[in-house]
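S.K.: Dropping in protein15.tsv, with TSV, C-alpha atoms.
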```tsv
chain	number	residue	atom	x	y	z
Y	104	MET	CA	-106.10	-316.29	114.97
Y	105	TYR	CA	-106.69	-312.56	114.55
Y	106	ASP	CA	-107.87	-310.45	111.65
Y	107	PHE	CA	-105.69	-307.48	112.61
Y	108	ALA	CA	-102.60	-307.24	114.81
Y	109	ILE	CA	-101.46	-303.72	115.70
Y	110	ILE	CA	-97.90	-303.35	116.95
Y	111	GLY	CA	-97.60	-300.38	119.31
Y	112	GLY	CA	-99.86	-299.13	122.10
Y	113	GLY	CA	-99.30	-295.41	121.63
Y	114	ILE	CA	-101.97	-293.00	120.48
Y	115	VAL	CA	-101.69	-293.92	116.78
Y	116	GLY	CA	-101.88	-297.66	117.41
Y	117	LEU	CA	-104.86	-297.23	119.72
Y	118	SER	CA	-106.69	-294.84	117.37
Y	119	THR	CA	-106.17	-297.40	114.59
Y	120	GLY	CA	-107.61	-300.15	116.77
Y	121	LEU	CA	-110.61	-297.95	117.54
Y	122	ALA	CA	-111.18	-297.14	113.85
Y	123	LEU	CA	-110.82	-300.80	112.84
Y	124	GLY	CA	-113.38	-301.84	115.42
Y	125	LYS	CA	-115.85	-299.32	114.08
Y	126	ARG	CA	-115.27	-300.37	110.45
Y	127	TYR	CA	-115.20	-304.12	111.16
Y	128	PRO	CA	-117.27	-304.68	114.34
Y	129	ASN	CA	-116.92	-308.48	114.16
Y	130	ALA	CA	-113.19	-308.53	113.47
Y	131	ARG	CA	-110.70	-310.00	115.92
Y	132	ILE	CA	-108.30	-307.17	116.78
Y	133	LEU	CA	-105.05	-307.50	118.74
Y	134	ILE	CA	-102.85	-304.69	120.06
Y	135	LEU	CA	-99.31	-305.56	121.19
Y	136	GLU	CA	-97.35	-303.20	123.45
Y	137	LYS	CA	-93.89	-304.06	124.76
Y	138	GLU	CA	-94.15	-301.77	127.80
Y	139	SER	CA	-96.12	-302.36	131.01
Y	140	GLN	CA	-98.46	-299.47	130.20
Y	141	LEU	CA	-100.00	-297.80	127.18
Y	142	ALA	CA	-98.79	-294.45	125.77
Y	143	PHE	CA	-95.42	-294.91	127.49
Y	144	HIS	CA	-93.11	-293.20	124.99
Y	145	GLN	CA	-93.89	-290.37	122.55
Y	146	THR	CA	-97.55	-290.06	123.49
Y	147	GLY	CA	-96.90	-289.99	127.22
Y	148	ASN	CA	-94.09	-287.43	127.01
Y	149	ASN	CA	-95.48	-284.87	124.57
Y	150	SER	CA	-96.59	-281.31	125.23
Y	151	GLY	CA	-100.32	-282.04	125.40
Y	152	VAL	CA	-101.13	-279.47	122.72
Y	153	ILE	CA	-104.14	-279.80	120.41
Y	154	HIS	CA	-102.41	-278.25	117.40
Y	155	SER	CA	-104.15	-276.12	114.79
Y	156	GLY	CA	-102.06	-277.05	111.73
Y	157	ILE	CA	-100.66	-273.60	110.94
Y	158	TYR	CA	-97.10	-274.80	110.30
Y	159	TYR	CA	-97.73	-277.49	107.72
Y	160	LYS	CA	-97.52	-277.33	103.96
Y	161	PRO	CA	-100.97	-276.81	102.43
Y	162	GLY	CA	-102.23	-280.05	100.90
Y	163	SER	CA	-99.95	-282.26	103.02
Y	164	PHE	CA	-101.26	-285.08	105.21
Y	165	LYS	CA	-100.07	-283.14	108.25
Y	166	ALA	CA	-102.04	-280.04	107.28
Y	167	LYS	CA	-105.25	-281.91	106.52
Y	168	PHE	CA	-105.08	-284.43	109.34
Y	169	CYS	CA	-104.16	-281.77	111.90
Y	170	ARG	CA	-106.91	-279.36	110.86
Y	171	ASP	CA	-109.53	-282.10	110.86
Y	172	GLY	CA	-107.97	-283.84	113.84
Y	173	SER	CA	-108.10	-280.79	116.08
Y	174	ARG	CA	-111.87	-280.72	115.56
Y	175	SER	CA	-112.38	-284.46	116.00
Y	176	MET	CA	-110.14	-284.54	119.09
Y	177	VAL	CA	-112.16	-281.77	120.75
Y	178	GLU	CA	-115.41	-283.54	119.86
Y	179	PHE	CA	-114.03	-286.80	121.28
Y	180	CYS	CA	-113.03	-285.10	124.54
Y	181	GLN	CA	-116.44	-283.43	124.82
Y	182	GLU	CA	-118.25	-286.72	124.16
Y	183	HIS	CA	-116.27	-288.66	126.75
Y	184	GLY	CA	-115.78	-286.02	129.43
Y	185	ILE	CA	-112.01	-285.68	129.02
Y	186	GLU	CA	-110.64	-282.45	130.46
Y	187	HIS	CA	-109.42	-280.09	127.76
Y	188	GLU	CA	-109.32	-276.39	126.98
Y	189	ILE	CA	-109.29	-274.36	123.77
Y	190	CYS	CA	-107.05	-271.60	125.09
Y	191	GLY	CA	-105.50	-270.42	121.82
Y	192	LYS	CA	-101.88	-269.46	121.34
Y	193	VAL	CA	-99.72	-266.62	120.09
Y	194	ILE	CA	-96.78	-266.90	117.71
Y	195	VAL	CA	-94.54	-263.87	118.07
Y	196	ALA	CA	-91.70	-262.17	116.24
Y	197	THR	CA	-89.15	-260.80	118.70
Y	198	GLU	CA	-87.02	-258.99	116.06
Y	199	GLU	CA	-87.88	-256.91	113.00
Y	200	GLN	CA	-86.09	-259.36	110.72
Y	201	GLU	CA	-88.59	-262.07	111.72
Y	202	LEU	CA	-91.62	-260.13	110.48
Y	203	PRO	CA	-91.48	-261.46	106.89
Y	204	ARG	CA	-91.48	-265.00	108.27
Y	205	LEU	CA	-94.44	-264.10	110.47
Y	206	GLU	CA	-96.34	-262.90	107.38
Y	207	SER	CA	-95.49	-266.11	105.52
Y	208	LEU	CA	-96.79	-268.15	108.45
Y	209	LEU	CA	-100.01	-266.13	108.52
Y	210	LYS	CA	-100.50	-266.80	104.81
Y	211	ARG	CA	-99.93	-270.53	105.34
Y	212	GLY	CA	-102.47	-270.59	108.15
Y	213	LEU	CA	-105.07	-268.90	105.95
Y	214	GLU	CA	-104.31	-271.30	103.08
Y	215	ASN	CA	-104.93	-274.16	105.50
Y	216	GLY	CA	-108.36	-272.72	106.30
Y	217	LEU	CA	-107.55	-271.77	109.89
Y	218	GLU	CA	-108.88	-268.98	112.05
Y	219	VAL	CA	-105.70	-266.92	112.41
Y	220	GLN	CA	-105.17	-263.21	112.93
Y	221	ARG	CA	-102.20	-260.89	112.60
Y	222	ILE	CA	-102.07	-258.84	115.79
Y	223	SER	CA	-100.00	-255.91	117.07
Y	224	PRO	CA	-97.52	-256.05	119.95
Y	225	GLU	CA	-100.13	-254.29	122.08
Y	226	ALA	CA	-102.74	-256.92	121.22
Y	227	VAL	CA	-100.24	-259.68	122.04
Y	228	ARG	CA	-99.69	-258.14	125.48
Y	229	GLU	CA	-103.43	-258.05	126.10
Y	230	ILE	CA	-103.30	-261.85	125.80
Y	231	GLU	CA	-99.83	-262.41	127.25
Y	232	PRO	CA	-98.84	-259.34	129.32
Y	233	HIS	CA	-95.24	-260.42	129.90
Y	234	VAL	CA	-94.25	-261.10	126.28
Y	235	SER	CA	-91.85	-258.85	124.42
Y	236	CYS	CA	-92.37	-258.78	120.65
Y	237	VAL	CA	-92.69	-256.65	117.52
Y	238	GLY	CA	-95.73	-258.50	116.16
Y	239	GLY	CA	-97.70	-261.68	116.46
Y	240	ILE	CA	-100.31	-264.12	115.21
Y	241	ARG	CA	-103.28	-265.26	117.25
Y	242	VAL	CA	-104.30	-268.89	116.65
Y	243	SER	CA	-107.61	-269.30	118.42
Y	244	SER	CA	-108.21	-273.02	117.74
Y	245	THR	CA	-105.16	-274.33	119.62
Y	246	GLY	CA	-105.93	-276.25	122.79
Y	247	ILE	CA	-104.48	-278.41	125.54
Y	248	VAL	CA	-105.30	-281.91	126.82
Y	249	ASN	CA	-103.69	-284.89	128.56
Y	250	TYR	CA	-103.15	-287.40	125.76
Y	251	LYS	CA	-102.59	-290.25	128.21
Y	252	GLN	CA	-106.21	-289.80	129.31
Y	253	VAL	CA	-107.27	-289.83	125.66
Y	254	CYS	CA	-105.36	-293.09	125.14
Y	255	LEU	CA	-106.96	-294.73	128.16
Y	256	LYS	CA	-110.37	-293.88	126.75
Y	257	TYR	CA	-109.38	-295.25	123.33
Y	258	ALA	CA	-108.28	-298.48	125.04
Y	259	GLU	CA	-111.49	-298.73	127.05
Y	260	LEU	CA	-113.57	-298.36	123.89
Y	261	ILE	CA	-111.44	-300.92	122.02
Y	262	GLN	CA	-111.98	-303.46	124.78
Y	263	LYS	CA	-115.71	-302.78	124.74
Y	264	GLN	CA	-115.59	-303.53	121.00
Y	265	GLY	CA	-113.97	-306.87	121.84
Y	266	GLY	CA	-110.36	-305.95	121.09
Y	267	ASP	CA	-107.49	-307.74	122.82
Y	268	LEU	CA	-104.77	-305.57	124.42
Y	269	ARG	CA	-101.54	-307.29	125.46
Y	270	LEU	CA	-98.95	-305.39	127.54
Y	271	ASN	CA	-95.35	-306.47	128.22
Y	272	THR	CA	-95.41	-308.18	124.82
Y	273	LYS	CA	-92.38	-307.43	122.63
Y	274	VAL	CA	-92.31	-308.35	118.95
Y	275	LEU	CA	-89.23	-310.41	118.09
Y	276	LYS	CA	-89.91	-311.72	114.59
Y	277	ILE	CA	-92.52	-311.75	111.82
Y	278	SER	CA	-92.95	-314.81	109.61
Y	279	ARG	CA	-95.42	-316.23	107.09
Y	280	SER	CA	-98.00	-318.98	107.53
Y	281	GLY	CA	-99.69	-319.44	104.17
Y	282	LYS	CA	-101.64	-316.25	103.43
Y	283	ASN	CA	-101.38	-315.14	107.04
Y	284	GLN	CA	-98.54	-313.74	109.13
Y	285	VAL	CA	-97.20	-314.87	112.48
Y	286	VAL	CA	-96.02	-312.27	114.98
Y	287	GLU	CA	-93.52	-313.94	117.28
Y	288	THR	CA	-93.18	-312.30	120.71
Y	289	ASN	CA	-91.72	-312.93	124.15
Y	290	LYS	CA	-95.25	-313.99	125.19
Y	291	GLY	CA	-95.89	-316.47	122.39
Y	292	ASN	CA	-96.91	-316.34	118.74
Y	293	PHE	CA	-99.97	-314.63	117.25
Y	294	GLU	CA	-101.33	-315.41	113.80
Y	295	THR	CA	-103.08	-312.61	111.90
Y	296	GLN	CA	-104.33	-311.68	108.46
Y	297	VAL	CA	-102.99	-308.13	108.57
Y	298	ILE	CA	-100.28	-306.34	110.55
Y	299	VAL	CA	-100.45	-302.63	111.31
Y	300	ASN	CA	-97.10	-301.27	112.47
Y	301	CYS	CA	-97.49	-298.27	114.80
Y	302	ALA	CA	-94.26	-298.88	116.70
Y	303	GLY	CA	-93.08	-295.26	116.76
Y	304	LEU	CA	-89.41	-295.17	117.67
Y	305	HIS	CA	-89.00	-298.73	116.35
Y	306	SER	CA	-91.32	-298.51	113.33
Y	307	ASP	CA	-88.52	-298.84	110.75
Y	308	ARG	CA	-87.20	-301.98	112.45
Y	309	ILE	CA	-90.66	-303.56	112.63
Y	310	ALA	CA	-91.18	-302.79	108.93
Y	311	LYS	CA	-87.96	-304.63	108.08
Y	312	LEU	CA	-89.04	-307.60	110.21
Y	313	GLY	CA	-92.10	-307.72	107.96
Y	314	GLN	CA	-89.94	-307.63	104.80
Y	315	VAL	CA	-91.03	-304.06	103.99
Y	316	GLU	CA	-88.60	-301.26	103.13
Y	317	PRO	CA	-89.50	-298.32	105.43
Y	318	GLN	CA	-88.02	-295.77	102.96
Y	319	ALA	CA	-86.30	-293.92	105.81
Y	320	LYS	CA	-84.48	-294.51	109.11
Y	321	ILE	CA	-85.78	-293.40	112.48
Y	322	VAL	CA	-83.35	-290.99	114.15
Y	323	PRO	CA	-84.26	-290.14	117.76
Y	324	PHE	CA	-84.15	-286.50	118.90
Y	325	ARG	CA	-84.51	-285.75	122.59
Y	326	GLY	CA	-86.43	-282.65	123.60
Y	327	GLU	CA	-85.57	-281.35	127.06
Y	328	TYR	CA	-87.89	-279.14	129.11
Y	329	TYR	CA	-87.86	-276.90	132.13
Y	330	GLU	CA	-90.91	-276.09	134.19
Y	331	LEU	CA	-91.81	-272.72	135.70
Y	332	THR	CA	-91.97	-272.75	139.48
Y	333	PRO	CA	-95.56	-272.44	140.76
Y	334	GLU	CA	-95.09	-268.85	141.91
Y	335	LYS	CA	-93.98	-267.84	138.39
Y	336	ARG	CA	-96.78	-269.51	136.42
Y	337	TYR	CA	-98.55	-266.14	136.18
Y	338	LEU	CA	-96.02	-265.18	133.49
Y	339	VAL	CA	-97.78	-267.44	130.96
Y	340	LYS	CA	-101.55	-267.41	130.36
Y	341	THR	CA	-101.83	-269.66	127.28
Y	342	LEU	CA	-99.19	-270.89	124.79
Y	343	ILE	CA	-96.35	-268.72	123.49
Y	344	TYR	CA	-94.30	-269.73	120.44
Y	345	PRO	CA	-91.51	-267.99	118.51
Y	346	VAL	CA	-91.60	-267.64	114.74
Y	347	PRO	CA	-89.99	-270.88	113.53
Y	348	ASN	CA	-86.93	-270.88	111.31
Y	349	PRO	CA	-88.17	-272.47	108.05
Y	350	ASP	CA	-84.68	-273.86	107.37
Y	351	PHE	CA	-84.57	-275.73	110.70
Y	352	PRO	CA	-86.90	-278.71	111.28
Y	353	PHE	CA	-87.86	-277.86	114.89
Y	354	LEU	CA	-90.04	-275.09	116.31
Y	355	GLY	CA	-87.66	-273.59	118.86
Y	356	VAL	CA	-88.16	-273.27	122.61
Y	357	HIS	CA	-91.59	-272.05	123.67
Y	358	PHE	CA	-93.92	-271.84	126.68
Y	359	THR	CA	-96.80	-274.29	127.05
Y	360	ARG	CA	-99.43	-274.19	129.76
Y	361	MET	CA	-100.49	-277.77	130.47
Y	362	ILE	CA	-103.97	-278.99	131.36
Y	363	ASP	CA	-102.87	-279.30	135.04
Y	364	ASN	CA	-101.91	-275.56	134.96
Y	365	SER	CA	-98.17	-276.24	135.12
Y	366	VAL	CA	-96.11	-274.36	132.53
Y	367	HIS	CA	-93.39	-276.11	130.55
Y	368	ALA	CA	-90.60	-274.28	128.72
Y	369	GLY	CA	-88.78	-275.90	125.82
Y	370	PRO	CA	-87.90	-278.11	124.13
Y	371	ASN	CA	-84.50	-278.02	122.58
Y	372	ALA	CA	-83.70	-280.78	120.07
Y	373	VAL	CA	-80.57	-282.90	120.45
Y	374	LEU	CA	-79.61	-286.26	119.03
Y	375	SER	CA	-80.46	-289.02	121.50
Y	376	LEU	CA	-77.83	-291.75	121.81
Y	377	LYS	CA	-80.60	-294.26	122.49
Y	378	ARG	CA	-83.99	-294.58	120.81
Y	379	GLU	CA	-85.66	-294.40	124.18
Y	380	GLY	CA	-83.01	-292.17	125.74
Y	381	TYR	CA	-84.73	-289.68	127.99
Y	382	LYS	CA	-81.58	-288.80	129.93
Y	383	LYS	CA	-78.31	-287.32	128.67
Y	384	THR	CA	-76.50	-290.37	130.02
Y	385	ASP	CA	-78.69	-292.93	128.21
Y	386	PHE	CA	-76.71	-294.87	125.61
Y	387	ASP	CA	-77.34	-297.92	123.47
Y	388	PHE	CA	-74.54	-299.08	121.19
Y	389	LYS	CA	-76.84	-300.54	118.51
Y	390	ASP	CA	-78.97	-297.39	118.34
Y	391	PHE	CA	-75.91	-295.14	118.30
Y	392	ALA	CA	-74.11	-297.20	115.66
Y	393	GLU	CA	-77.15	-297.18	113.36
Y	394	VAL	CA	-77.25	-293.38	113.41
Y	395	ILE	CA	-73.53	-292.72	113.23
Y	396	THR	CA	-73.08	-295.03	110.22
Y	397	TYR	CA	-76.10	-293.66	108.35
Y	398	PRO	CA	-75.08	-291.28	105.52
Y	399	GLY	CA	-78.31	-289.32	105.90
Y	400	PHE	CA	-77.41	-288.29	109.43
Y	401	TRP	CA	-74.09	-286.73	108.42
Y	402	LYS	CA	-75.73	-284.87	105.54
Y	403	LEU	CA	-78.34	-283.50	107.95
Y	404	ALA	CA	-75.69	-282.56	110.52
Y	405	ALA	CA	-73.62	-280.71	107.91
Y	406	LYS	CA	-76.65	-278.78	106.69
Y	407	HIS	CA	-77.76	-277.66	110.15
Y	408	ALA	CA	-74.42	-277.54	111.99
Y	409	PRO	CA	-74.78	-274.00	113.47
Y	410	GLU	CA	-78.31	-274.66	114.77
Y	411	GLY	CA	-77.31	-278.12	115.99
Y	412	ILE	CA	-74.43	-276.71	118.01
Y	413	GLN	CA	-76.76	-274.18	119.64
Y	414	GLU	CA	-79.16	-276.97	120.57
Y	415	ILE	CA	-76.33	-278.93	122.22
Y	416	ILE	CA	-75.18	-275.82	124.11
Y	417	ARG	CA	-78.74	-275.33	125.40
Y	418	SER	CA	-78.77	-278.94	126.52
Y	419	PHE	CA	-75.74	-278.50	128.77
Y	420	SER	CA	-76.10	-274.82	129.72
Y	421	LYS	CA	-79.16	-273.70	131.65
Y	422	ALA	CA	-78.01	-270.09	131.15
Y	423	ALA	CA	-78.13	-270.52	127.35
Y	424	PHE	CA	-81.57	-272.14	127.61
Y	425	VAL	CA	-82.82	-269.26	129.75
Y	426	ARG	CA	-81.47	-266.67	127.30
Y	427	SER	CA	-83.55	-268.25	124.54
Y	428	LEU	CA	-86.66	-268.08	126.71
Y	429	GLN	CA	-85.94	-264.46	127.66
Y	430	LYS	CA	-86.37	-263.46	124.02
Y	431	LEU	CA	-90.05	-264.22	124.57
Y	432	ILE	CA	-90.44	-263.26	128.25
Y	433	PRO	CA	-87.57	-261.05	129.48
Y	434	GLU	CA	-88.67	-261.41	133.13
Y	435	VAL	CA	-87.87	-265.14	133.23
Y	436	GLN	CA	-84.80	-265.91	135.35
Y	437	ALA	CA	-82.83	-269.11	135.88
Y	438	GLU	CA	-84.17	-269.54	139.41
Y	439	ASP	CA	-87.73	-269.54	138.00
Y	440	LEU	CA	-87.11	-272.80	136.14
Y	441	VAL	CA	-86.66	-276.38	137.29
Y	442	PRO	CA	-85.88	-279.38	135.06
Y	443	THR	CA	-88.79	-281.62	134.14
Y	444	HIS	CA	-89.34	-284.67	131.91
Y	445	ALA	CA	-87.86	-285.00	128.42
Y	446	GLY	CA	-89.41	-286.57	125.35
Y	447	VAL	CA	-87.87	-288.41	122.41
Y	448	ARG	CA	-89.18	-287.71	118.92
Y	449	ALA	CA	-89.07	-290.49	116.33
Y	450	GLN	CA	-88.01	-288.56	113.24
Y	451	ALA	CA	-87.70	-290.36	109.90
Y	452	LEU	CA	-84.60	-289.35	107.95
Y	453	MET	CA	-83.91	-290.08	104.31
Y	454	ASN	CA	-80.56	-291.31	103.01
Y	455	ASN	CA	-80.00	-287.95	101.27
Y	456	GLY	CA	-80.13	-286.11	104.61
Y	457	SER	CA	-83.63	-284.69	104.30
Y	458	LEU	CA	-86.13	-285.16	107.11
Y	459	VAL	CA	-89.45	-286.70	106.13
Y	460	ASP	CA	-91.65	-283.66	106.69
Y	461	ASP	CA	-95.02	-285.40	106.36
Y	462	PHE	CA	-96.66	-288.49	107.79
Y	463	LEU	CA	-95.22	-291.55	106.06
Y	464	ILE	CA	-97.47	-294.62	105.75
Y	465	VAL	CA	-95.96	-297.52	103.78
Y	466	GLN	CA	-98.09	-300.42	102.51
Y	467	GLY	CA	-96.86	-304.00	102.38
Y	468	GLU	CA	-98.57	-307.05	100.93
Y	469	ASN	CA	-100.68	-307.70	104.03
Y	470	SER	CA	-99.43	-304.87	106.21
Y	471	ILE	CA	-99.49	-301.14	106.83
Y	472	HIS	CA	-96.47	-299.41	108.37
Y	473	VAL	CA	-96.63	-295.95	109.95
Y	474	CYS	CA	-92.99	-294.99	109.46
Y	475	ASN	CA	-93.16	-291.29	110.33
Y	476	ALA	CA	-95.73	-289.84	112.70
Y	477	PRO	CA	-94.16	-287.20	114.96
Y	478	SER	CA	-96.07	-284.08	116.02
Y	479	PRO	CA	-98.94	-283.44	115.29
Y	480	ALA	CA	-99.73	-287.18	115.39
Y	481	ALA	CA	-101.53	-286.98	118.75
Y	482	THR	CA	-103.79	-284.17	117.55
Y	483	SER	CA	-104.34	-286.03	114.28
Y	484	SER	CA	-104.70	-289.51	115.79
Y	485	LEU	CA	-108.37	-290.07	114.99
Y	486	GLU	CA	-107.81	-288.96	111.39
Y	487	ILE	CA	-104.66	-291.07	111.01
Y	488	GLY	CA	-106.61	-294.07	112.28
Y	489	LYS	CA	-109.33	-293.49	109.69
Y	490	ALA	CA	-106.73	-293.12	106.92
Y	491	ILE	CA	-105.01	-296.37	107.88
Y	492	VAL	CA	-108.33	-298.22	107.89
Y	493	ALA	CA	-109.14	-296.76	104.45
Y	494	GLN	CA	-105.86	-298.21	103.15
Y	495	ILE	CA	-106.55	-301.55	104.78
Y	496	ALA	CA	-110.01	-301.66	103.20
Y	497	GLN	CA	-108.35	-301.71	99.77
Y	498	LEU	CA	-106.83	-305.12	100.51
Y	499	SER	CA	-109.12	-307.50	98.63
Y	500	HIS	CA	-108.81	-310.47	100.97
Y	501	LEU	CA	-110.43	-308.44	103.77
Y	502	GLU	CA	-113.85	-308.60	102.14
Y	503	THR	CA	-114.66	-311.64	104.29
Y	504	VAL	CA	-113.88	-309.65	107.44
Y	505	ALA	CA	-116.06	-306.72	106.37
Y	506	THR	CA	-119.09	-308.91	105.74
Y	507	LYS	CA	-118.94	-311.07	108.88
```
So that I can check it, write out the structure of this file as structure tokens.
M.R.:
Amino acid sequence: MYDFAIIGGGIVGLSTGLALGKRYPNARILILEKESQLAFHQTGNNSGVIHSGIYYKPGSFKAKFCRDGSRSMVEFCQEHGIEHEICGKVIVATEEQELPRLESLLKRGLENGLEVQRISPEAVREIEPHVSCVGGIRVSSTGIVNYKQVCLKYAELIQKQGGDLRLNTKVLKISRSGKNQVVETNKGNFETQVIVNCAGLHSDRIAKLGQVEPQAKIVPFRGEYYELTPEKRYLVKTLIYPVPNPDFPFLGVHFTRMIDNSVHAGPNAVLSLKREGYKKTDFDFKDFAEVITYPGFWKLAAKHAPEGIQEIIRSFSKAAFVRSLQKLIPEVQAEDLVPTHAGVRAQALMNNGSLVDDFLIVQGENSIHVCNAPSPAATSSLEIGKAIVAQIAQLSHLETVATK
């Protein structure tokens, strides 16, 4: 019998387990992960960026959690000796028509309380000598880290607190047992007072197993990357981003220096035909059918058809991908890039075709369901964990746990 059962061993599930252990040091905490290792999906395939929060709507969970989370993540890494670097980044306009959007982004960054500066093309080139632009923004608080290492430290601390981590344990069903819930898995049944659903790409399905309406459907988008060859890494010193199109839900291809000094270029954003489909050839009929029969998907596709077509072209044409990158660094050539890993983003989509643009945490009777936590969830993980625990603390029957 457990007090809390967390479904999902990614960075949000682990940060929640860590926060629960701090709030309820005597509680019995269980984390269930269906894979053979932690942080296997979104967390283990992300860009490793400690985001600043410049893109997010002021007052949103994303804006607050990311701003606070970037600080708490750096403090956590410093405390536990995890390699990281606050290298900063530049966001650049490559055409005159993008300058108004650059100014709007600067204003948003200032409204979010960030240390951001409008800089000239000459100042951009002092930071990134190979970039071509007509203006830019310097975001000094952006950093880089390996989030898998962060997760392993979270897990170590959870186990020191007495938490129970179970790998290779897939949730099959959720049922009731009096006031408690029973999580049925391929490795047996686990009874718990409270379920916390941090299942990422499968969070909507887990919510429904727990008789909770997730309010949106997870639609998987694959992001494909190239990597600069070692002899061309000198082209990128820090992180280089284009000005995002506010009408399109993704940031556009960019250059990211990783903590191991490799440089990744991308991603694009294409519909994945499988929720965990990291290759173009990956296909799952159930996953595909759910998307293709969902009205919200077709409304989204109609709204963003031109951009969507360009993303698909970039997926199949290296030349098209390279042309997008050359807008930022004209020197980059096709032979300078080799394919590297892809990631799949769990994006919640409403029935009306609108993407859920903030973190979505849905509360059940004895459960909390994280139904939308794409980027910047890794940066914000410690803050998301605290917020989930604050919601759990409002459940009256947990008073006995808190006072043990």
S.K.: Would you be able to write out as a list in words which residues have an atom within 10 Å of (-89.2, -283.8, 130.2) in the file's coordinates, counting all atoms listed in the file?
M.R.: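 These residues have at least one counted atom within 10 Å: Asn148, Asn149, Ser150, Arg325, Gly326, Glu327, Tyr328, Tyr329, Glu330, His367, Ala368, Gly369, Pro370, Tyr381, Lys382, Pro442, Thr443, His444, Ala445, Gly446 and Val447 of chain Y.
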S.K.: Tell me, in Å to one decimal, how far atom CA of Ser418 of chain Y is from atom CA of Gly112 of chain Y.
M.R.: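 Between these atoms lies a distance of 29.5 Å.
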S.K.: Please determine, counting all atoms listed in the file, which residue among Y:Ala130, Y:Ile416, Y:Ile230, Y:Val356 has the shortest atom-to-atom distance to Lys192 of chain Y.
M.R.: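 Closest residue, counting all atoms listed in the file: Y:Ile230.
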S.K.: Which value, in Å to one decimal, gives the distance between atom CA of Glu414 of chain Y and atom CA of Cys190 of chain Y?
M.R.: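 Calculated distance between atom CA of Glu414 of chain Y and atom CA of Cys190 of chain Y is 28.8 Å.
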S.K.: Which is closest to Ala372 of chain Y among Y:Glu225, Y:Asp461, Y:Asp387, Y:Glu410, if we use only C-alpha atoms?
M.R.: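 Closest to Ala372 of chain Y, using only C-alpha atoms: Y:Glu410.
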S.K.: Counting only C-alpha atoms, which residues come within 12 Å of (-80.7, -286.3, 104.9), with the point read in the file's coordinates, and could you list them as an MDAnalysis selection string?
M.R.: chainID Y and resid 319:322 352 394 397:407 450:460
S.K.: Check the smallest atom-to-atom distance from each of Y:Gly265, Y:Glu214, Y:Tyr250, Y:Ala408 to Lys125 of chain Y using only C-alpha atoms, then report the winner.
M.R.: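 When distances to Lys125 of chain Y are compared using only C-alpha atoms, the smallest one comes from Y:Gly265.
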S.K.: Name the residues in contact with Val435 of chain Y at a cut-off of 10 Å, using all atoms listed in the file, excluding same-chain residues fewer than 5 positions from it; report them as a list in words.
M.R.: His233, Leu331, Lys335, Leu338, Val425, Arg426, Leu428, Gln429, Lys430 and Leu440 of chain Y
S.K.: Could you list, as JSON, numbers by chain, every residue within 8 Å of Ser365 of chain Y, counting only C-alpha atoms and ignoring same-chain residues fewer than 3 positions away?
M.R.: {"Y": [330, 331, 333, 336, 360, 361, 362]}
S.K.: Please report the interatomic distance between atom CA of Val237 of chain Y and atom CA of Pro224 of chain Y in Å with one decimal.
M.R.: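 That distance, rounded to one decimal, is 5.4 Å.
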S.K.: Do you know which residues are at most 10 Å from Glu198 of chain Y counting all atoms listed in the file, after dropping those on the same chain fewer than 4 positions away, and could you put them as a count of residues only?
M.R.: 7
S.K.: Taking 2 positions as the minimum chain separation for residues in the same chain, which residues sit within 6 Å of Pro345 of chain Y when counting only C-alpha atoms? Answer as a PyMOL selection string.
M.R.: chain Y and resi 194-195+347
S.K.: What are the centre and edge lengths in Å, to one decimal, of the axis-aligned box around all listed atoms of segment 480-489 of chain Y with 5 Å added on each side, as lines of an AutoDock Vina configuration file?
M.R.:
```
center_x = -104.5
center_y = -289.1
center_z = 114.2
size_x = 19.6
size_y = 19.9
size_z = 19.1
```
